[in-house]
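Participant: My structure file run.pdb, PDB, C-alpha atoms and all ligand atoms, is below:
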```pdb
ATOM      1  CA  MET D 111      -0.246   0.813  -1.233  1.00  0.00           C
ATOM      2  CA  ALA D 112       2.285   1.567   1.489  1.00  0.00           C
ATOM      3  CA  SER D 113       4.684   4.452   1.004  1.00  0.00           C
ATOM      4  CA  THR D 114       7.073   3.706  -1.835  1.00  0.00           C
ATOM      5  CA  ARG D 115       9.111   6.861  -1.355  1.00  0.00           C
ATOM      6  CA  GLU D 116      12.494   5.120  -1.586  1.00  0.00           C
ATOM      7  CA  LEU D 117      11.744   3.950  -5.147  1.00  0.00           C
ATOM      8  CA  TRP D 118      11.545   7.302  -6.858  1.00  0.00           C
ATOM      9  CA  GLY D 119      15.098   8.648  -6.834  1.00  0.00           C
ATOM     10  CA  GLU D 120      16.422  10.632  -9.771  1.00  0.00           C
ATOM     11  CA  THR D 121      19.074   8.032 -10.627  1.00  0.00           C
ATOM     12  CA  PHE D 122      19.908   4.406  -9.916  1.00  0.00           C
ATOM     13  CA  SER D 123      22.671   1.944 -10.661  1.00  0.00           C
ATOM     14  CA  LYS D 124      22.252  -0.163 -13.803  1.00  0.00           C
ATOM     15  CA  ASP D 125      22.630  -3.249 -11.595  1.00  0.00           C
ATOM     16  CA  GLU D 126      20.210  -2.131  -8.895  1.00  0.00           C
ATOM     17  CA  ILE D 127      17.043  -1.003 -10.643  1.00  0.00           C
ATOM     18  CA  PRO D 128      14.371  -0.174  -8.037  1.00  0.00           C
ATOM     19  CA  PRO D 129      11.454  -2.661  -7.847  1.00  0.00           C
ATOM     20  CA  TYR D 130       8.844  -0.312  -9.320  1.00  0.00           C
ATOM     21  CA  PRO D 131       5.176  -1.328  -9.024  1.00  0.00           C
ATOM     22  CA  CYS D 132       3.530  -2.676 -12.167  1.00  0.00           C
ATOM     23  CA  PRO D 133       1.328  -0.132 -13.982  1.00  0.00           C
ATOM     24  CA  LEU D 134      -1.019  -2.826 -15.269  1.00  0.00           C
ATOM     25  CA  CYS D 135      -1.870  -5.245 -12.442  1.00  0.00           C
ATOM     26  CA  ASN D 136      -0.822  -3.018  -9.517  1.00  0.00           C
ATOM     27  CA  ARG D 137       0.296  -6.142  -7.648  1.00  0.00           C
ATOM     28  CA  GLY D 138       3.584  -7.224  -9.209  1.00  0.00           C
ATOM     29  CA  THR D 139       6.920  -5.469  -9.243  1.00  0.00           C
ATOM     30  CA  LEU D 140       8.999  -4.787 -12.339  1.00  0.00           C
ATOM     31  CA  HIS D 141      12.313  -6.458 -13.115  1.00  0.00           C
ATOM     32  CA  CYS D 142      14.810  -5.718 -15.861  1.00  0.00           C
ATOM     33  CA  VAL D 143      14.341  -7.951 -18.923  1.00  0.00           C
ATOM     34  CA  PRO D 144      17.694  -9.756 -19.325  1.00  0.00           C
ATOM     35  CA  ASP D 145      19.857  -8.375 -22.133  1.00  0.00           C
ATOM     36  CA  SER D 146      17.421  -5.553 -22.873  1.00  0.00           C
ATOM     37  CA  PHE D 147      19.820  -2.791 -21.773  1.00  0.00           C
ATOM     38  CA  ARG D 148      21.327  -0.784 -24.639  1.00  0.00           C
ATOM     39  CA  GLN D 149      23.334   2.422 -24.610  1.00  0.00           C
ATOM     40  CA  LYS D 150      25.010   4.603 -27.215  1.00  0.00           C
ATOM     41  CA  ILE D 151      27.017   7.783 -27.333  1.00  0.00           C
ATOM     42  CA  SER D 152      26.682  10.441 -29.959  1.00  0.00           C
ATOM     43  CA  ARG D 153      29.453  10.951 -32.520  1.00  0.00           C
ATOM     44  CA  ASP D 154      30.760  14.181 -30.955  1.00  0.00           C
ATOM     45  CA  VAL D 155      31.072  12.556 -27.501  1.00  0.00           C
ATOM     46  CA  GLU D 156      32.855   9.623 -29.136  1.00  0.00           C
ATOM     47  CA  GLU D 157      35.339  12.030 -30.723  1.00  0.00           C
ATOM     48  CA  GLN D 158      35.873  13.827 -27.426  1.00  0.00           C
ATOM     49  CA  LEU D 159      36.690  10.477 -25.813  1.00  0.00           C
ATOM     50  CA  GLU D 160      39.027   9.448 -28.633  1.00  0.00           C
ATOM     51  CA  THR D 161      40.979  12.685 -28.400  1.00  0.00           C
ATOM     52  CA  GLN D 162      40.904  12.421 -24.604  1.00  0.00           C
ATOM     53  CA  TRP D 163      39.236  15.797 -24.459  1.00  0.00           C
ATOM     54  CA  ILE D 164      36.968  14.234 -21.835  1.00  0.00           C
ATOM     55  CA  ASP D 165      37.417  11.264 -19.481  1.00  0.00           C
ATOM     56  CA  PRO D 166      35.077   8.257 -19.691  1.00  0.00           C
ATOM     57  CA  PRO D 167      33.055   9.317 -16.588  1.00  0.00           C
ATOM     58  CA  ASP D 168      32.273  12.637 -18.333  1.00  0.00           C
ATOM     59  CA  ALA D 169      30.726  10.979 -21.370  1.00  0.00           C
ATOM     60  CA  VAL D 170      26.923  11.026 -21.252  1.00  0.00           C
ATOM     61  CA  HIS D 171      25.333   8.037 -22.990  1.00  0.00           C
ATOM     62  CA  GLN D 172      21.716   7.495 -23.987  1.00  0.00           C
ATOM     63  CA  PHE D 173      20.224   4.245 -22.771  1.00  0.00           C
ATOM     64  CA  ASN D 174      17.042   2.230 -23.053  1.00  0.00           C
ATOM     65  CA  LEU D 175      15.869  -0.962 -21.387  1.00  0.00           C
ATOM     66  CA  PHE D 176      12.721  -2.968 -20.736  1.00  0.00           C
ATOM     67  CA  LEU D 177      11.197  -3.883 -17.392  1.00  0.00           C
ATOM     68  CA  GLN D 178       8.665  -6.668 -16.983  1.00  0.00           C
ATOM     69  CA  CYS D 179       6.102  -7.439 -14.280  1.00  0.00           C
ATOM     70  CA  GLY D 180       7.183 -10.395 -12.123  1.00  0.00           C
ATOM     71  CA  ILE D 181       3.672 -11.850 -12.083  1.00  0.00           C
ATOM     72  CA  ALA D 182       3.722 -14.343 -14.940  1.00  0.00           C
ATOM     73  CA  LYS D 183       0.013 -13.957 -15.793  1.00  0.00           C
ATOM     74  CA  CYS D 184       0.466 -10.194 -16.129  1.00  0.00           C
ATOM     75  CA  GLY D 185       3.904  -9.859 -17.732  1.00  0.00           C
ATOM     76  CA  ALA D 186       3.387  -6.149 -18.483  1.00  0.00           C
ATOM     77  CA  ILE D 187       6.309  -4.467 -20.225  1.00  0.00           C
ATOM     78  CA  VAL D 188       7.595  -0.968 -19.395  1.00  0.00           C
ATOM     79  CA  SER D 189      10.070   0.808 -21.614  1.00  0.00           C
ATOM     80  CA  VAL D 190      12.606   3.077 -19.880  1.00  0.00           C
ATOM     81  CA  GLN D 191      14.949   5.569 -21.497  1.00  0.00           C
ATOM     82  CA  GLY D 192      17.295   8.326 -20.412  1.00  0.00           C
ATOM     83  CA  ASP D 193      20.937   9.248 -19.804  1.00  0.00           C
ATOM     84  CA  SER D 194      23.642   7.022 -18.368  1.00  0.00           C
ATOM     85  CA  GLN D 195      27.080   7.864 -17.067  1.00  0.00           C
ATOM     86  CA  LEU D 196      30.033   5.967 -15.663  1.00  0.00           C
ATOM     87  CA  VAL D 197      30.521   6.606 -11.938  1.00  0.00           C
ATOM     88  CA  GLU D 198      33.389   5.623  -9.678  1.00  0.00           C
ATOM     89  CA  ARG D 199      32.463   3.570  -6.644  1.00  0.00           C
ATOM     90  CA  ASP D 200      33.542   4.542  -3.149  1.00  0.00           C
ATOM     91  CA  ASN D 201      34.524   0.968  -2.446  1.00  0.00           C
ATOM     92  CA  ARG D 202      37.476   0.174  -4.723  1.00  0.00           C
ATOM     93  CA  GLU D 203      38.421  -3.234  -3.395  1.00  0.00           C
ATOM     94  CA  PHE D 204      38.197  -4.870  -6.824  1.00  0.00           C
ATOM     95  CA  VAL D 205      39.455  -3.027  -9.871  1.00  0.00           C
ATOM     96  CA  GLU D 206      36.845  -4.626 -12.149  1.00  0.00           C
ATOM     97  CA  ASP D 207      34.065  -3.295  -9.903  1.00  0.00           C
ATOM     98  CA  ARG D 208      35.509   0.162  -9.712  1.00  0.00           C
ATOM     99  CA  TYR D 209      33.012   1.768 -12.073  1.00  0.00           C
ATOM    100  CA  PHE D 210      29.308   1.309 -12.677  1.00  0.00           C
ATOM    101  CA  TYR D 211      26.746   2.959 -14.930  1.00  0.00           C
ATOM    102  CA  ARG D 212      24.341   5.327 -13.219  1.00  0.00           C
ATOM    103  CA  LEU D 213      21.049   5.696 -15.080  1.00  0.00           C
ATOM    104  CA  ALA D 214      18.939   8.848 -15.033  1.00  0.00           C
ATOM    105  CA  PRO D 215      15.559   7.964 -16.585  1.00  0.00           C
ATOM    106  CA  GLN D 216      13.905  10.693 -18.660  1.00  0.00           C
ATOM    107  CA  GLY D 217      10.803   8.682 -19.408  1.00  0.00           C
ATOM    108  CA  MET D 218       8.959   5.439 -18.672  1.00  0.00           C
ATOM    109  CA  TYR D 219       6.061   4.022 -20.697  1.00  0.00           C
ATOM    110  CA  PRO D 220       3.635   3.022 -19.377  1.00  0.00           C
ATOM    111  CA  ALA D 221       4.815   4.784 -16.220  1.00  0.00           C
ATOM    112  CA  PRO D 222       4.706   2.913 -12.883  1.00  0.00           C
ATOM    113  CA  PRO D 223       2.059   4.266 -10.476  1.00  0.00           C
ATOM    114  CA  LEU D 224       3.326   6.750  -7.870  1.00  0.00           C
ATOM    115  CA  ALA D 225       0.054   6.431  -5.973  1.00  0.00           C
ATOM    116  CA  ALA D 226      -2.491   3.647  -5.575  1.00  0.00           C
ATOM    117  CA  VAL D 227      -5.577   4.551  -7.595  1.00  0.00           C
ATOM    118  CA  PRO D 228      -8.642   2.610  -6.314  1.00  0.00           C
ATOM    119  CA  LYS D 229     -10.384   0.604  -9.007  1.00  0.00           C
ATOM    120  CA  ASP D 230     -13.656   2.522  -8.538  1.00  0.00           C
ATOM    121  CA  THR D 231     -11.987   5.848  -9.341  1.00  0.00           C
ATOM    122  CA  PRO D 232     -13.744   7.545 -12.291  1.00  0.00           C
ATOM    123  CA  LYS D 233     -12.058   6.762 -15.634  1.00  0.00           C
ATOM    124  CA  LEU D 234     -11.302  10.405 -16.359  1.00  0.00           C
ATOM    125  CA  LEU D 235      -9.396  10.772 -13.094  1.00  0.00           C
ATOM    126  CA  LYS D 236      -7.523   7.512 -13.637  1.00  0.00           C
ATOM    127  CA  LYS D 237      -6.343   8.880 -16.974  1.00  0.00           C
ATOM    128  CA  GLU D 238      -5.151  12.110 -15.323  1.00  0.00           C
ATOM    129  CA  PHE D 239      -3.178  10.087 -12.795  1.00  0.00           C
ATOM    130  CA  GLU D 240      -1.527   8.068 -15.578  1.00  0.00           C
ATOM    131  CA  THR D 241      -0.468  11.309 -17.249  1.00  0.00           C
ATOM    132  CA  ALA D 242       0.915  12.635 -13.935  1.00  0.00           C
ATOM    133  CA  PHE D 243       2.899   9.404 -13.444  1.00  0.00           C
ATOM    134  CA  ALA D 244       4.434   9.798 -16.904  1.00  0.00           C
ATOM    135  CA  LEU D 245       5.198  13.513 -16.418  1.00  0.00           C
ATOM    136  CA  PHE D 246       7.051  12.753 -13.179  1.00  0.00           C
ATOM    137  CA  TRP D 247       9.988  11.491 -15.263  1.00  0.00           C
ATOM    138  CA  ILE D 248       9.795  14.179 -17.905  1.00  0.00           C
ATOM    139  CA  ASP D 249       9.030  17.473 -16.143  1.00  0.00           C
ATOM    140  CA  LEU D 250       8.319  17.832 -12.408  1.00  0.00           C
ATOM    141  CA  GLY D 251       6.718  21.280 -12.877  1.00  0.00           C
ATOM    142  CA  ALA D 252       4.293  19.877 -15.462  1.00  0.00           C
ATOM    143  CA  CYS D 253       3.640  16.940 -13.136  1.00  0.00           C
ATOM    144  CA  ALA D 254       2.746  19.327 -10.267  1.00  0.00           C
ATOM    145  CA  ASN D 255       0.378  21.205 -12.594  1.00  0.00           C
ATOM    146  CA  ARG D 256      -1.289  17.955 -13.566  1.00  0.00           C
ATOM    147  CA  LEU D 257      -1.809  17.205  -9.866  1.00  0.00           C
ATOM    148  CA  ARG D 258      -3.561  20.550  -9.536  1.00  0.00           C
ATOM    149  CA  ILE D 259      -5.833  19.577 -12.449  1.00  0.00           C
ATOM    150  CA  ILE D 260      -6.562  16.319 -10.593  1.00  0.00           C
ATOM    151  CA  VAL D 261      -7.630  18.377  -7.548  1.00  0.00           C
ATOM    152  CA  GLU D 262     -10.003  20.383  -9.779  1.00  0.00           C
ATOM    153  CA  LYS D 263     -11.457  17.184 -11.219  1.00  0.00           C
ATOM    154  CA  ILE D 264     -11.932  15.669  -7.747  1.00  0.00           C
ATOM    155  CA  LEU D 265     -13.865  18.818  -6.779  1.00  0.00           C
ATOM    156  CA  ASP D 266     -15.915  18.559 -10.017  1.00  0.00           C
ATOM    157  CA  HIS D 267     -16.719  14.967  -9.136  1.00  0.00           C
ATOM    158  CA  GLN D 268     -17.809  16.036  -5.646  1.00  0.00           C
ATOM    159  CA  ARG D 269     -20.010  18.686  -7.320  1.00  0.00           C
ATOM    160  CA  VAL D 270     -18.235  21.517  -5.512  1.00  0.00           C
ATOM    161  CA  PRO D 271     -19.366  24.712  -7.290  1.00  0.00           C
ATOM    162  CA  ALA D 272     -16.822  26.601  -9.372  1.00  0.00           C
ATOM    163  CA  ALA D 273     -15.217  29.545  -7.565  1.00  0.00           C
ATOM    164  CA  ARG D 274     -12.977  32.470  -8.470  1.00  0.00           C
ATOM    165  CA  ASP D 275      -9.902  30.433  -7.470  1.00  0.00           C
ATOM    166  CA  LEU D 276      -8.974  26.963  -6.309  1.00  0.00           C
ATOM    167  CA  ALA D 277      -8.396  28.035  -2.686  1.00  0.00           C
ATOM    168  CA  THR D 278     -11.972  29.379  -2.401  1.00  0.00           C
ATOM    169  CA  ARG D 279     -13.317  26.270  -4.048  1.00  0.00           C
ATOM    170  CA  ILE D 280     -11.441  23.986  -1.630  1.00  0.00           C
ATOM    171  CA  ALA D 281     -12.627  26.110   1.333  1.00  0.00           C
ATOM    172  CA  SER D 282     -16.250  25.666   0.252  1.00  0.00           C
ATOM    173  CA  PHE D 283     -15.596  21.923  -0.026  1.00  0.00           C
ATOM    174  CA  LYS D 284     -14.334  21.983   3.565  1.00  0.00           C
ATOM    175  CA  ASN D 285     -17.577  23.647   4.675  1.00  0.00           C
ATOM    176  CA  SER D 286     -19.728  21.031   2.988  1.00  0.00           C
ATOM    177  CA  GLU D 287     -17.562  18.022   3.915  1.00  0.00           C
ATOM    178  CA  PRO D 288     -15.981  18.871   7.291  1.00  0.00           C
ATOM    179  CA  ASP D 289     -15.473  15.174   8.107  1.00  0.00           C
ATOM    180  CA  HIS D 290     -12.961  14.662   5.310  1.00  0.00           C
ATOM    181  CA  ALA D 291     -10.206  16.634   7.019  1.00  0.00           C
ATOM    182  CA  THR D 292      -7.351  14.586   5.573  1.00  0.00           C
ATOM    183  CA  MET D 293      -8.662  14.943   2.080  1.00  0.00           C
ATOM    184  CA  PHE D 294      -9.188  18.665   2.503  1.00  0.00           C
ATOM    185  CA  ASP D 295      -5.604  19.164   3.696  1.00  0.00           C
ATOM    186  CA  ALA D 296      -4.284  17.013   0.855  1.00  0.00           C
ATOM    187  CA  LEU D 297      -6.158  18.990  -1.781  1.00  0.00           C
ATOM    188  CA  ARG D 298      -5.095  22.319  -0.303  1.00  0.00           C
ATOM    189  CA  PHE D 299      -1.445  21.270  -0.207  1.00  0.00           C
ATOM    190  CA  VAL D 300      -1.467  19.950  -3.764  1.00  0.00           C
ATOM    191  CA  GLY D 301      -3.440  22.970  -4.959  1.00  0.00           C
ATOM    192  CA  ASN D 302      -0.861  25.316  -3.495  1.00  0.00           C
ATOM    193  CA  ILE D 303       2.119  23.565  -4.989  1.00  0.00           C
ATOM    194  CA  GLY D 304       0.556  23.336  -8.433  1.00  0.00           C
ATOM    195  CA  SER D 305      -0.168  27.043  -8.483  1.00  0.00           C
ATOM    196  CA  HIS D 306       3.479  28.049  -8.293  1.00  0.00           C
ATOM    197  CA  GLU D 307       5.022  28.107 -11.702  1.00  0.00           C
ATOM    198  CA  GLY D 308       8.461  26.796 -12.475  1.00  0.00           C
ATOM    199  CA  LYS D 309      10.317  23.920 -10.935  1.00  0.00           C
ATOM    200  CA  ALA D 310       8.722  21.777  -8.269  1.00  0.00           C
ATOM    201  CA  SER D 311      11.013  19.762  -6.051  1.00  0.00           C
ATOM    202  CA  ARG D 312      10.945  15.998  -6.338  1.00  0.00           C
ATOM    203  CA  ASP D 313      10.186  15.606  -2.626  1.00  0.00           C
ATOM    204  CA  THR D 314       7.258  18.001  -2.751  1.00  0.00           C
ATOM    205  CA  VAL D 315       5.738  16.231  -5.750  1.00  0.00           C
ATOM    206  CA  LEU D 316       6.164  12.903  -3.933  1.00  0.00           C
ATOM    207  CA  ASP D 317       4.430  14.437  -0.869  1.00  0.00           C
ATOM    208  CA  CYS D 318       1.561  15.449  -3.157  1.00  0.00           C
ATOM    209  CA  PHE D 319       1.199  11.943  -4.561  1.00  0.00           C
ATOM    210  CA  GLU D 320       1.127  10.498  -1.031  1.00  0.00           C
ATOM    211  CA  LEU D 321      -1.538  12.961   0.088  1.00  0.00           C
ATOM    212  CA  LEU D 322      -3.621  12.500  -3.048  1.00  0.00           C
ATOM    213  CA  GLN D 323      -3.432   8.750  -2.538  1.00  0.00           C
ATOM    214  CA  GLU D 324      -5.012   9.270   0.912  1.00  0.00           C
ATOM    215  CA  ALA D 325      -7.651  11.548  -0.549  1.00  0.00           C
ATOM    216  CA  ILE D 326      -8.742   9.296  -3.405  1.00  0.00           C
ATOM    217  CA  GLY D 327      -8.628   6.302  -1.037  1.00  0.00           C
ATOM    218  CA  GLU D 328     -11.142   8.128   1.167  1.00  0.00           C
ATOM    219  CA  LEU D 329     -13.304   8.982  -1.808  1.00  0.00           C
ATOM    220  CA  PHE D 330     -13.162   6.040  -4.187  1.00  0.00           C
ATOM    221  CA  ASP D 331     -12.023   2.989  -2.253  1.00  0.00           C
ATOM    222  CA  GLN D 332     -15.373   1.290  -1.589  1.00  0.00           C
ATOM    223  CA  ARG D 333     -13.804  -1.313   0.681  1.00  0.00           C
ATOM    224  CA  LYS D 334     -12.268   1.396   2.855  1.00  0.00           C
ATOM    225  CA  SER D 335     -15.479   3.409   3.064  1.00  0.00           C
ATOM    226  CA  LYS D 336     -17.490   0.273   3.916  1.00  0.00           C
ATOM    227  CA  LEU D 337     -15.037  -0.427   6.751  1.00  0.00           C
ATOM    228  CA  ALA D 338     -15.318   3.159   7.963  1.00  0.00           C
ATOM    229  CA  SER D 339     -19.136   3.076   8.005  1.00  0.00           C
ATOM    230  CA  MET D 340     -19.082  -0.322   9.742  1.00  0.00           C
ATOM    231  CA  LYS D 341     -16.764   1.149  12.381  1.00  0.00           C
ATOM    232  CA  GLN D 342     -19.109   4.116  12.768  1.00  0.00           C
ATOM    233  CA  ARG D 343     -22.130   1.809  13.172  1.00  0.00           C
ATOM    234  CA  ILE D 344     -20.338  -0.116  15.937  1.00  0.00           C
ATOM    235  CA  VAL D 345     -19.360   3.117  17.694  1.00  0.00           C
ATOM    236  CA  ASN D 346     -22.943   4.391  17.413  1.00  0.00           C
ATOM    237  CA  ALA D 347     -24.403   1.107  18.705  1.00  0.00           C
ATOM    238  CA  LYS D 348     -22.125   1.195  21.745  1.00  0.00           C
ATOM    239  CA  GLY D 349     -23.132   4.776  22.367  1.00  0.00           C
ATOM    240  CA  ARG D 350     -26.750   3.669  22.753  1.00  0.00           C
ATOM    241  CA  VAL D 351     -26.020   0.898  25.277  1.00  0.00           C
TER     242      VAL D 351
HETATM  243 ZN    ZN Z   1       1.729  -6.726 -13.512  1.00  0.00          ZN
END
```
Any chance you could give the structure as structure tokens?
Facilitator:
Amino acid sequence: MASTRELWGETFSKDEIPPYPCPLCNRGTLHCVPDSFRQKISRDVEEQLETQWIDPPDAVHQFNLFLQCGIAKCGAIVSVQGDSQLVERDNREFVEDRYFYRLAPQGMYPAPPLAAVPKDTPKLLKKEFETAFALFWIDLGACANRLRIIVEKILDHQRVPAARDLATRIASFKNSEPDHATMFDALRFVGNIGSHEGKASRDTVLDCFELLQEAIGELFDQRKSKLASMKQRIVNAKGRV
């Protein structure tokens, strides 16, 4: 999967929902199911609007909607929910277009994949990735911690012995697998970010997903590793000529 960085903003317009990748088939993109959008405001916000205590753009609504995979055979459904708020456009040419609803999702289920997980990835790790994808919308700090757990599980899978801390463990992995430099750097970066408690920035978490995608591609994408060994064989053969 190419970088999908532009998809994962904190908010989007109700009329321009990003084309998220499908969590089921990993090939299609998701589109809003027509007429599935609903939003409500709580009674106290309604009263504040009625008494003009607040202006309409200050009223926070709760919304939900459904997305569906564009590939007819798949048709996976994703439920999205969060806050919505009226926002004034910069371009005010037409009065009727002056405002739009900006949606801030607080959850998606099942959550679209933020990284391509090769089909030969162990089940346990796939599950951890799914949890990390879901946590991305709920709590970025918890998502970063989950990524750290994924690093631990990758090291378990590679039979890297337990160590007093993750840094030491990753260093011993580097010693035994010096060829996997990209993967080593990815794991170290993700390991570092996950170890700091509190809030993780959206960009940093997205960096982690991109790096982990590289790492698991190197490890579990059979097609990629076959290509790499074929390339190596060709290089070796030429070396002997
Ligand atoms: Zn699909």
Participant: Separation of CA of Gln172 (chain D) and CA of Arg148 (chain D), in Å?
Facilitator: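 Those two atoms sit 8.3 Å apart.
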Participant: Compute the set of protein, DNA and RNA residues whose minimum atom distance to ligand ZN 1 (chain Z) is at most 9 Å, using all atoms listed in the file, and state it as an mmCIF file with C-alpha atoms, keeping the file's coordinate frame.
Facilitator:
```cif
data_model
loop_
_atom_site.group_PDB
_atom_site.id
_atom_site.type_symbol
_atom_site.label_atom_id
_atom_site.label_comp_id
_atom_site.auth_asym_id
_atom_site.auth_seq_id
_atom_site.Cartn_x
_atom_site.Cartn_y
_atom_site.Cartn_z
ATOM 1 C CA PRO D 131 5.176 -1.328 -9.024
ATOM 2 C CA CYS D 132 3.530 -2.676 -12.167
ATOM 3 C CA PRO D 133 1.328 -0.132 -13.982
ATOM 4 C CA LEU D 134 -1.019 -2.826 -15.269
ATOM 5 C CA CYS D 135 -1.870 -5.245 -12.442
ATOM 6 C CA ASN D 136 -0.822 -3.018 -9.517
ATOM 7 C CA ARG D 137 0.296 -6.142 -7.648
ATOM 8 C CA GLY D 138 3.584 -7.224 -9.209
ATOM 9 C CA THR D 139 6.920 -5.469 -9.243
ATOM 10 C CA LEU D 140 8.999 -4.787 -12.339
ATOM 11 C CA GLN D 178 8.665 -6.668 -16.983
ATOM 12 C CA CYS D 179 6.102 -7.439 -14.280
ATOM 13 C CA GLY D 180 7.183 -10.395 -12.123
ATOM 14 C CA ILE D 181 3.672 -11.850 -12.083
ATOM 15 C CA ALA D 182 3.722 -14.343 -14.940
ATOM 16 C CA LYS D 183 0.013 -13.957 -15.793
ATOM 17 C CA CYS D 184 0.466 -10.194 -16.129
ATOM 18 C CA GLY D 185 3.904 -9.859 -17.732
ATOM 19 C CA ALA D 186 3.387 -6.149 -18.483
ATOM 20 C CA ILE D 187 6.309 -4.467 -20.225
#
```
Participant: Of the candidates D:Asp200, D:Tyr209, D:Pro223, D:Ile127, which shows the shortest atom-to-atom distance to Pro167 (chain D), using all atoms listed in the file?
Facilitator: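 Smallest separation from Pro167 (chain D) among the options: D:Tyr209.
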Participant: Near region 252-258 of chain D, within 6 Å and counting only C-alpha atoms, which residues show up once chain neighbours fewer than 4 positions away are dropped, as a PyMOL selection string?
Facilitator: chain D and resi 242+245-246+301+304
Participant: So what does the PyMOL selection byres (((chain D and resi 270) around 10) and not hetatm) actually pick up in this one, as a count of residues only?
Facilitator: 18
Participant: I'd like the interatomic distance between CA of Gln216 (chain D) and CA of Thr114 (chain D), to a tenth of an Å.
Facilitator: 19.5 Å
Participant: May I ask for the distance between CA of Leu316 (chain D) and CA of Tyr219 (chain D), given in Å to one decimal place?
Facilitator: 19.0 Å
Participant: Restricting the calculation to only C-alpha atoms: of D:Ala277, D:Leu175, D:Ser146, D:Glu157, which residue gets closest to Arg298 (chain D)?
Facilitator: D:Ala277
Participant: Name the closest residue to Asp154 (chain D) among the candidates D:Phe299, D:Ala169, D:Cys142, D:Asp275; distances are taken between atoms, counting only C-alpha atoms.
Facilitator: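 Using only C-alpha atoms, Asp154 (chain D) sits closest to D:Ala169.
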Participant: Place a sphere of radius 9 Å on (3.4, 9.8, -14.8) in the file coordinates and name every protein, DNA or RNA residue with an atom inside or on its surface, counting all atoms listed in the file; give the answer as a list of chain:residue names.
Facilitator: D:Gly217, D:Met218, D:Tyr219, D:Pro220, D:Ala221, D:Pro222, D:Pro223, D:Leu224, D:Glu238, D:Phe239, D:Glu240, D:Thr241, D:Ala242, D:Phe243, D:Ala244, D:Leu245, D:Phe246, D:Trp247, D:Ile248, D:Cys253
Participant: Take the selection from the previous step and output its residues with C-alpha atoms, as a compact mmCIF listing (two decimals), keeping the file's coordinate frame.
Facilitator:
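In the end it all went to out.txt:
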```txt
# COMPACT_ATOMS: atom_id res chain seq x y z
CA GLY D 217 10.80 8.68 -19.41
CA MET D 218 8.96 5.44 -18.67
CA TYR D 219 6.06 4.02 -20.70
CA PRO D 220 3.64 3.02 -19.38
CA ALA D 221 4.82 4.78 -16.22
CA PRO D 222 4.71 2.91 -12.88
CA PRO D 223 2.06 4.27 -10.48
CA LEU D 224 3.33 6.75 -7.87
CA GLU D 238 -5.15 12.11 -15.32
CA PHE D 239 -3.18 10.09 -12.80
CA GLU D 240 -1.53 8.07 -15.58
CA THR D 241 -0.47 11.31 -17.25
CA ALA D 242 0.92 12.64 -13.94
CA PHE D 243 2.90 9.40 -13.44
CA ALA D 244 4.43 9.80 -16.90
CA LEU D 245 5.20 13.51 -16.42
CA PHE D 246 7.05 12.75 -13.18
CA TRP D 247 9.99 11.49 -15.26
CA ILE D 248 9.80 14.18 -17.90
CA CYS D 253 3.64 16.94 -13.14
```
Participant: Using all atoms listed in the file, which of the listed residues (D:Val143, D:Gln149, D:His290, D:Gln195) sits closest to Asp165 (chain D)?
Facilitator: D:Gln195
Participant: Which residue gives the smallest distance to Pro232 (chain D) among D:Asp317, D:Ile151, D:Arg274, D:Ile260, with all atoms listed in the file counted?
Facilitator: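 Once distances to Pro232 (chain D) are computed over all atoms listed in the file, the minimum belongs to D:Ile260.
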Participant: Restricting the calculation to only C-alpha atoms, which member of D:Thr292, D:Thr314, D:Ser152, D:Gln342 is positioned closest to Ile326 (chain D)?
Facilitator: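 Among D:Thr292, D:Thr314, D:Ser152, D:Gln342, it is D:Thr292 that comes nearest to Ile326 (chain D).
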Participant: Would you give the centre and edge lengths, in Å to one decimal, of a box along x, y and z around the listed atoms of region 117-134 of chain D, with 5 Å added to each side, as JSON?
Facilitator:
```
{"center_x": 10.8, "center_y": 3.7, "center_z": -10.2, "size_x": 33.7, "size_y": 23.9, "size_z": 20.1}
```
